[in-house]
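To be precise, the following lines are protein38.txt, and they hold compact mmCIF, C-alpha atoms.
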```txt
# COMPACT_ATOMS: atom_id res chain seq x y z
CA LYS O 1 161.76 62.98 114.75
CA THR O 2 164.02 65.76 115.95
CA THR O 3 166.62 63.29 117.23
CA VAL O 4 166.77 61.56 113.85
CA LEU O 5 167.28 64.90 112.12
CA ALA O 6 169.99 65.93 114.60
CA CYS O 7 171.75 62.59 114.11
CA ARG O 8 171.79 63.12 110.35
CA VAL O 9 173.31 66.58 110.71
CA VAL O 10 176.11 65.17 112.89
CA ARG O 11 176.70 62.26 110.51
CA LEU O 12 177.01 64.61 107.52
CA ILE O 13 179.67 66.56 109.39
CA GLU O 14 181.60 63.72 111.04
CA ASP O 15 181.67 61.60 107.88
CA LYS O 16 182.90 64.69 106.00
CA LEU O 17 179.96 64.55 103.60
CA ALA O 18 179.33 68.24 104.22
CA ASP O 19 180.97 71.23 105.80
CA PRO O 20 178.83 72.76 108.60
CA LYS O 21 178.59 75.93 106.48
CA GLU O 22 176.79 73.92 103.78
CA ILE O 23 173.98 72.70 106.06
CA LEU O 24 170.64 74.39 106.67
CA ALA O 25 168.38 72.83 109.33
CA VAL O 26 165.00 74.44 109.90
CA SER O 27 162.14 73.89 112.32
CA TYR O 28 158.75 75.51 112.75
CA THR O 29 159.28 77.64 115.88
CA ARG O 30 162.22 79.40 117.50
CA ASN O 31 161.92 77.18 120.58
CA SER O 32 162.08 73.99 118.53
CA ALA O 33 165.03 75.40 116.55
CA ARG O 34 166.89 76.09 119.80
CA ASP O 35 166.13 72.54 120.95
CA LEU O 36 167.42 71.17 117.66
CA LEU O 37 170.69 73.10 117.99
CA LYS O 38 171.15 71.79 121.55
CA ARG O 39 170.59 68.20 120.41
CA ILE O 40 173.13 68.62 117.62
CA ALA O 41 175.65 69.99 120.13
CA ARG O 42 174.99 67.09 122.51
CA LEU O 43 175.44 64.46 119.79
CA TRP O 44 178.42 66.14 118.15
CA LYS O 45 180.35 67.54 121.10
CA GLY O 46 179.01 65.44 123.98
CA THR O 47 177.38 68.32 125.87
CA ASP O 48 174.80 71.03 125.31
CA ASP O 49 176.04 73.69 127.71
CA LEU O 50 175.82 77.29 126.52
CA ALA O 51 179.47 77.53 125.53
CA THR O 52 179.30 74.37 123.41
CA VAL O 53 176.05 75.40 121.73
CA ALA O 54 177.63 78.75 120.86
CA GLN O 55 180.70 76.95 119.51
CA VAL O 56 178.51 74.78 117.26
CA ALA O 57 176.58 77.83 116.04
CA ASN O 58 179.87 79.57 115.19
CA THR O 59 180.87 76.77 112.79
CA GLY O 60 178.54 78.29 110.19
CA LEU O 61 175.88 75.61 110.69
CA LYS O 62 172.53 77.27 110.07
CA VAL O 63 169.78 76.17 112.48
CA GLY O 64 166.63 78.23 112.77
CA THR O 65 163.16 78.82 111.34
CA PHE O 66 162.24 79.40 107.71
CA HIS O 67 161.45 82.99 108.61
CA SER O 68 164.78 83.70 110.28
CA TYR O 69 166.67 82.15 107.37
CA CYS O 70 164.73 84.14 104.77
CA TYR O 71 165.13 87.35 106.77
CA SER O 72 168.90 86.86 106.72
CA LEU O 73 168.81 86.31 102.94
CA LEU O 74 166.94 89.58 102.46
CA ASN O 75 169.29 91.47 104.78
CA GLN O 76 172.34 90.16 102.91
CA ALA O 77 170.78 91.39 99.67
CA GLY O 78 170.07 94.81 101.18
CA GLN O 79 166.30 94.31 101.04
CA ARG O 80 165.43 95.54 104.51
CA PHE O 81 161.94 96.53 105.62
CA GLU O 82 160.08 97.10 108.85
CA LEU O 83 158.46 93.89 110.05
CA ILE O 84 154.86 94.09 111.31
CA ASP O 85 152.64 91.34 112.70
CA ASP O 86 149.00 90.63 111.87
CA LYS O 87 147.74 92.93 114.64
CA ASP O 88 149.83 95.80 113.28
CA LEU O 89 148.44 95.17 109.80
CA TYR O 90 144.89 95.14 111.17
CA VAL O 91 145.44 98.51 112.89
CA LEU O 92 147.00 99.97 109.74
CA LEU O 93 144.03 98.91 107.62
CA ARG O 94 141.47 99.99 110.23
CA ARG O 95 142.93 103.49 110.19
CA ARG O 96 142.68 103.54 106.39
CA ILE O 97 139.29 101.89 106.11
CA GLU O 98 137.97 104.76 103.98
CA ASP O 99 140.84 104.33 101.50
CA LEU O 100 139.72 100.74 100.91
CA LYS O 101 136.49 102.10 99.37
CA LEU O 102 134.47 99.13 100.51
CA ARG O 103 131.01 98.66 99.10
CA TYR O 104 130.02 95.13 100.05
CA TYR O 105 131.93 94.76 103.31
CA ILE O 106 131.26 98.15 104.87
CA LYS O 107 128.33 97.45 107.23
CA ALA O 108 128.95 99.25 110.53
CA ALA O 109 129.03 96.02 112.50
CA THR O 110 131.32 94.12 110.17
CA PRO O 111 134.40 96.12 109.04
CA GLY O 112 136.43 94.73 111.94
CA GLN O 113 135.40 91.17 111.14
CA PHE O 114 136.12 91.75 107.45
CA LEU O 115 139.61 93.03 108.24
CA ASP O 116 140.31 90.04 110.49
CA GLU O 117 139.28 87.69 107.70
CA LEU O 118 141.17 89.79 105.15
CA VAL O 119 144.42 89.49 107.11
CA ASP O 120 143.91 85.70 107.32
CA PHE O 121 143.25 85.65 103.57
CA PHE O 122 146.50 87.53 102.88
CA GLU O 123 148.43 85.03 104.96
CA ARG O 124 146.93 82.06 103.11
CA CYS O 125 147.72 83.69 99.77
CA HIS O 126 151.35 84.14 100.78
CA ASP O 127 151.53 80.57 102.10
CA GLU O 128 150.45 79.39 98.64
CA LEU O 129 152.51 81.99 96.73
CA ARG O 130 149.44 83.72 95.30
CA THR O 131 149.78 87.35 94.22
CA PRO O 132 147.20 90.04 93.36
CA ASP O 133 147.79 89.14 89.70
CA ASP O 134 146.87 85.52 90.49
CA TYR O 135 143.68 86.61 92.21
CA ASP O 136 142.77 88.91 89.32
CA ALA O 137 143.18 85.95 86.95
CA TYR O 138 140.97 83.87 89.24
CA VAL O 139 138.23 86.53 89.16
CA ALA O 140 138.49 86.70 85.37
CA LYS O 141 137.80 82.96 85.21
CA LEU O 142 134.79 83.45 87.47
CA GLU O 143 133.42 86.16 85.17
CA SER O 144 133.81 83.98 82.09
CA ARG O 145 132.19 81.06 83.98
CA GLN O 146 135.21 78.85 83.43
CA ILE O 147 134.93 77.86 87.10
CA PRO O 148 131.95 77.85 89.49
CA LEU O 149 131.22 80.93 91.58
CA PRO O 150 132.46 80.60 95.20
CA ARG O 151 130.59 81.25 98.43
CA VAL O 152 131.64 84.69 99.60
CA GLY O 153 129.47 85.10 102.68
CA ARG O 154 127.78 83.19 105.45
CA SER O 155 126.03 80.03 104.28
CA LYS O 156 122.61 81.36 105.30
CA ASP O 157 123.15 84.43 103.07
CA ALA O 158 124.62 82.57 100.11
CA GLN O 159 121.31 81.30 98.70
CA SER O 160 119.88 84.78 98.36
CA MET O 161 123.05 86.31 96.87
CA SER O 162 122.93 87.10 93.16
CA ASP O 163 125.72 86.21 90.75
CA ASP O 164 126.43 89.92 90.27
CA GLU O 165 126.89 90.43 94.01
CA ILE O 166 129.20 87.41 94.27
CA LEU O 167 131.35 88.76 91.45
CA GLY O 168 131.24 92.23 92.97
CA ARG O 169 132.53 90.89 96.28
CA CYS O 170 135.32 89.00 94.51
CA HIS O 171 136.32 92.16 92.65
CA GLU O 172 136.34 94.06 95.94
CA ILE O 173 138.63 91.50 97.56
CA ALA O 174 140.93 91.61 94.52
CA ARG O 175 141.12 95.40 94.63
CA VAL O 176 141.81 95.50 98.37
CA PHE O 177 144.43 92.77 98.03
CA ARG O 178 146.34 94.83 95.48
CA TYR O 179 145.88 98.04 97.47
CA VAL O 180 147.35 96.48 100.62
CA GLU O 181 150.31 94.95 98.80
CA ASP O 182 151.08 98.27 97.12
CA LEU O 183 150.66 100.12 100.43
CA LEU O 184 153.10 97.87 102.28
CA ALA O 185 155.67 98.12 99.50
CA ARG O 186 155.32 101.90 99.41
CA GLU O 187 155.71 102.22 103.19
CA ASN O 188 158.60 99.71 103.24
CA LEU O 189 156.63 97.37 105.50
CA GLY O 190 156.10 93.64 105.44
CA THR O 191 154.48 90.86 107.46
CA TYR O 192 156.09 87.59 108.49
CA SER O 193 154.55 86.01 105.38
CA HIS O 194 156.30 88.60 103.21
CA VAL O 195 159.64 87.49 104.66
CA ILE O 196 159.35 84.18 102.83
CA THR O 197 157.61 85.35 99.66
CA ARG O 198 160.10 88.19 99.14
CA ALA O 199 163.03 85.83 99.74
CA ILE O 200 161.60 83.51 97.07
CA ALA O 201 161.23 86.46 94.69
CA LEU O 202 164.87 87.34 95.40
CA LEU O 203 166.05 83.82 94.54
CA ARG O 204 163.88 83.72 91.43
CA ASP O 205 165.24 87.03 90.13
CA GLN O 206 167.17 86.07 87.00
CA ASN O 207 168.76 89.51 86.84
CA ASN O 208 170.50 88.83 90.15
CA ALA O 209 171.37 85.15 89.85
CA ALA O 210 174.31 85.60 92.22
CA HIS O 211 171.93 85.61 95.19
CA LEU O 212 170.61 82.16 94.31
CA GLU O 213 174.07 80.78 93.59
CA ARG O 214 175.40 82.04 96.93
CA ALA O 215 172.39 80.67 98.81
CA ARG O 216 172.80 77.25 97.18
CA GLU O 217 176.46 77.10 98.14
CA ARG O 218 175.48 77.65 101.77
CA ALA O 219 172.57 75.20 101.76
CA ARG O 220 173.76 72.12 99.90
CA PHE O 221 171.93 70.01 102.46
CA VAL O 222 168.51 71.10 103.74
CA LEU O 223 166.89 69.36 106.70
CA ILE O 224 163.32 70.18 107.78
CA ASP O 225 161.81 69.30 111.15
CA GLU O 226 158.04 69.27 111.87
CA PHE O 227 157.46 69.03 108.14
CA GLN O 228 153.71 68.49 108.54
CA ASP O 229 153.34 72.23 109.15
CA SER O 230 155.24 73.28 106.02
CA ASN O 231 153.37 75.11 103.27
CA VAL O 232 153.69 75.62 99.52
CA ALA O 233 155.98 78.65 99.87
CA GLN O 234 158.41 76.87 102.20
CA ILE O 235 158.59 73.83 99.93
CA GLU O 236 159.21 76.09 96.91
CA LEU O 237 162.01 77.83 98.83
CA THR O 238 163.54 74.42 99.50
CA ARG O 239 163.27 73.46 95.83
CA LEU O 240 165.07 76.64 94.78
CA LEU O 241 167.89 76.01 97.25
CA VAL O 242 168.60 72.36 96.50
CA ALA O 243 168.15 72.48 92.70
CA ASN O 244 168.63 69.15 90.91
CA GLN O 245 170.71 67.62 93.69
CA ALA O 246 167.62 67.53 95.95
CA ASN O 247 169.60 66.87 99.13
CA VAL O 248 166.52 67.29 101.32
CA PHE O 249 165.72 65.42 104.51
CA ALA O 250 162.28 66.04 106.05
CA VAL O 251 160.65 64.51 109.11
CA GLY O 252 157.04 65.00 110.10
CA ASP O 253 153.78 63.40 111.18
CA PRO O 254 150.49 64.11 109.35
CA ASP O 255 148.60 63.35 112.57
CA GLN O 256 150.37 66.28 114.24
CA ALA O 257 149.37 68.97 111.73
CA ILE O 258 147.97 71.24 114.44
CA TYR O 259 148.85 74.72 113.17
CA ARG O 260 146.68 74.43 110.08
CA PHE O 261 143.90 71.91 110.55
CA ARG O 262 144.03 69.37 107.75
CA GLY O 263 142.63 66.30 109.49
CA ALA O 264 144.37 63.04 108.60
CA THR O 265 145.66 64.11 105.20
CA ALA O 266 149.12 64.25 103.72
CA GLY O 267 148.94 67.67 102.04
CA ALA O 268 152.50 68.84 102.71
CA PHE O 269 153.90 65.36 102.10
CA ASP O 270 152.10 65.02 98.77
CA HIS O 271 153.36 68.43 97.70
CA PHE O 272 156.88 67.32 98.59
CA LEU O 273 156.47 64.19 96.43
CA LYS O 274 155.07 66.23 93.55
CA THR O 275 157.91 68.78 93.79
CA PHE O 276 160.82 66.34 93.93
CA GLY O 277 159.27 63.29 92.24
CA ALA O 278 157.71 60.35 94.07
CA GLY O 279 160.17 57.98 92.42
CA ARG O 280 163.18 59.87 93.83
CA VAL O 281 161.92 60.16 97.40
CA LYS O 282 162.87 57.45 99.89
CA ARG O 283 160.21 57.07 102.59
CA VAL O 284 160.78 55.63 106.06
CA THR O 285 158.14 55.13 108.74
CA MET O 286 159.60 55.68 112.19
CA SER O 287 158.06 53.58 114.96
CA GLU O 288 160.31 54.07 117.99
CA ASN O 289 159.70 56.76 120.60
CA ARG O 290 162.11 57.83 123.33
CA ARG O 291 160.00 60.55 124.95
CA SER O 292 156.98 58.71 126.38
CA THR O 293 156.29 55.57 128.39
CA GLU O 294 154.65 52.49 126.92
CA VAL O 295 151.35 53.23 128.66
CA ILE O 296 151.17 56.71 127.14
CA LEU O 297 152.12 55.45 123.69
CA LYS O 298 149.43 52.76 123.73
CA SER O 299 146.81 55.20 124.97
CA ALA O 300 147.75 57.75 122.30
CA TYR O 301 147.65 55.20 119.50
CA SER O 302 144.20 53.99 120.59
CA VAL O 303 142.99 57.52 119.85
CA ILE O 304 145.09 58.32 116.76
CA SER O 305 144.22 55.00 115.10
CA ARG O 306 140.61 56.18 114.89
CA ASN O 307 141.61 59.03 112.58
CA PRO O 308 140.73 58.59 108.89
CA GLN O 309 143.29 56.73 106.81
CA ILE O 310 146.10 59.03 105.69
CA THR O 311 145.56 59.25 101.95
CA SER O 312 147.85 60.33 99.16
CA VAL O 313 147.29 61.33 95.54
CA GLU O 314 150.99 61.21 94.63
CA LEU O 315 152.11 57.77 95.76
CA PRO O 316 152.10 55.23 92.91
CA GLY O 317 149.99 52.09 92.89
CA GLY O 318 147.52 53.20 95.51
CA GLU O 319 150.10 53.24 98.29
CA GLN O 320 149.28 55.05 101.52
CA TRP O 321 151.21 56.79 104.25
CA GLU O 322 151.47 54.12 106.91
CA ARG O 323 150.48 54.76 110.51
CA GLU O 324 152.21 52.35 112.91
CA PRO O 325 151.99 51.98 116.70
CA LEU O 326 154.95 53.66 118.40
CA LEU O 327 157.27 51.39 120.38
CA HIS O 328 158.72 52.40 123.72
CA ALA O 329 162.49 52.86 123.25
CA ARG O 330 163.42 55.28 126.06
CA THR O 331 165.48 52.69 127.91
CA LYS O 332 167.48 51.70 124.84
CA PRO O 333 171.16 52.73 124.90
```
Written as structure tokens, that's how I'd like the structure from this file.
Amino acid sequence: KTTVLACRVVRLIEDKLADPKEILAVSYTRNSARDLLKRIARLWKGTDDLATVAQVANTGLKVGTFHSYCYSLLNQAGQRFELIDDKDLYVLLRRRIEDLKLRYYIKAATPGQFLDELVDFFERCHDELRTPDDYDAYVAKLESRQIPLPRVGRSKDAQSMSDDEILGRCHEIARVFRYVEDLLARENLGTYSHVITRAIALLRDQNNAAHLERARERARFVLIDEFQDSNVAQIELTRLLVANQANVFAVGDPDQAIYRFRGATAGAFDHFLKTFGAGRVKRVTMSENRRSTEVILKSAYSVISRNPQITSVELPGGEQWEREPLLHARTKP
């Protein structure tokens, strides 16, 4: 997948379809981004030694992670803040546990567990671009019985939990969510999830449209590696950058969605189709592999083929994402 993406970057440049400064190529981790840059250098310049890689990077070609790209956008706009990780956020909240004014989640044995789960909840909300206002609106729908009440505790406790307690717990989560967001903004702090959500807010700001215009000029072509691990926020960022031109190239494998367990689904791929229009998206199933031997590929497919069928709710006519056996192509020129 990465080789195909690197080849496309080089073709865009060599065929003069794009200036390197107009290309943004992103991957999921810093290591994979470095590998992508080395592959581009090897294909474009014939070698991936340090000097050549540095030369390619100095052309203005942007290769990195979503987070590094968004962090640079925020820095350019003067929106700097101190970056903290999930452990830092946990410690910050643990020290201010009394300020959270917990009623339902305050048992002596459980505050730590609650904070762990709360930090995970914040991250999921940011991944799906959900704000405290969104969660308040969700709780309002619960109160008016427009939607069923959720399970807000362990399954063995859920049956004995009254409707009032369920709503009380939801209100408590909503209040803590807003408190934490306000606290981080007040202290000029932010997590890695905030890097992306604040960059999206910057590009959406109609009072400062110059930021979006400048970002679009420098990302006329967006290429995404390991797309199966992309989330709603990252796809929305891509949509903002490419506008109606939709010059997006994404490669991924639903069977490799290991960072967020989805099973054999096509969640990110379906969201991509919904965002850009299934009729506009050209799909290609890649079946050649240059990394592994034929024995390994056959053994792997014998396991992967037992996964549930990869379904889609966006493809027309009941089409499905095809899963094909990979063919050994390492010895091909």
O:Leu83, O:Leu142, O:Ile147, O:Ala278 ranked by distance to Leu184 (chain O), top pick (using all atoms listed in the file) =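 Among the listed residues, O:Leu83 lies closest to Leu184 (chain O).
Coordinates place CA of Leu240 (chain O) at a distance of 16.6 Å from CA of Ala77 (chain O).
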As a check of understanding: the span from CA of Ile224 (chain O) to CA of Thr293 (chain O) is 26.2 Å
Anything within 8 Å of (162.7, 86.9, 103.2): list those residues as a PyMOL selection string, counting only C-alpha atoms and sticking to the file's coordinates.
-> chain O and resi 67+69-74+194-200
File dump, residues just selected, C-alpha atoms, as a short mmCIF file (atom, residue, chain, number, x, y, z; two decimals), keeping the file's coordinate frame:
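Writing the result to out07.cif gives the following:
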```cif
data_model
loop_
_atom_site.label_atom_id
_atom_site.label_comp_id
_atom_site.auth_asym_id
_atom_site.auth_seq_id
_atom_site.Cartn_x
_atom_site.Cartn_y
_atom_site.Cartn_z
CA HIS O 67 161.45 82.99 108.61
CA TYR O 69 166.67 82.15 107.37
CA CYS O 70 164.73 84.14 104.77
CA TYR O 71 165.13 87.35 106.77
CA SER O 72 168.90 86.86 106.72
CA LEU O 73 168.81 86.31 102.94
CA LEU O 74 166.94 89.58 102.46
CA HIS O 194 156.30 88.60 103.21
CA VAL O 195 159.64 87.49 104.66
CA ILE O 196 159.35 84.18 102.83
CA THR O 197 157.61 85.35 99.66
CA ARG O 198 160.10 88.19 99.14
CA ALA O 199 163.03 85.83 99.74
CA ILE O 200 161.60 83.51 97.07
#
```
Please return, as a ChimeraX atom specification, all polymer residues that have at least one atom within 12 Å of the point (144.9, 94.4, 97.3); use all atoms listed in the file and the file's own coordinate frame.
-> /O:93,99-102,118-119,121-122,125,130-136,170-185
So how far away is CA of Tyr105 (chain O) from CA of Val139 (chain O), in Å?
->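 About the pair CA of Val139 (chain O) and CA of Tyr105 (chain O): they are 17.5 Å apart.
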Counting all atoms listed in the file, the option among O:Asp19, O:Glu14, O:Glu294, O:Glu236 closest to Leu129 (chain O) = O:Glu236
Write out as AutoDock Vina command-line options an axis-aligned box for region 319-332 of chain O: all of its atoms listed in the file, 4 Å added on each side, centre and edge lengths in Å with one decimal.
```
--center_x 158.4 --center_y 54.1 --center_z 113.1 --size_x 26.2 --size_y 13.4 --size_z 37.6
```
With distances taken over only C-alpha atoms, the candidate from O:Ala233, O:Val295, O:Pro111, O:Met161 nearest Ala201 (chain O) is O:Ala233
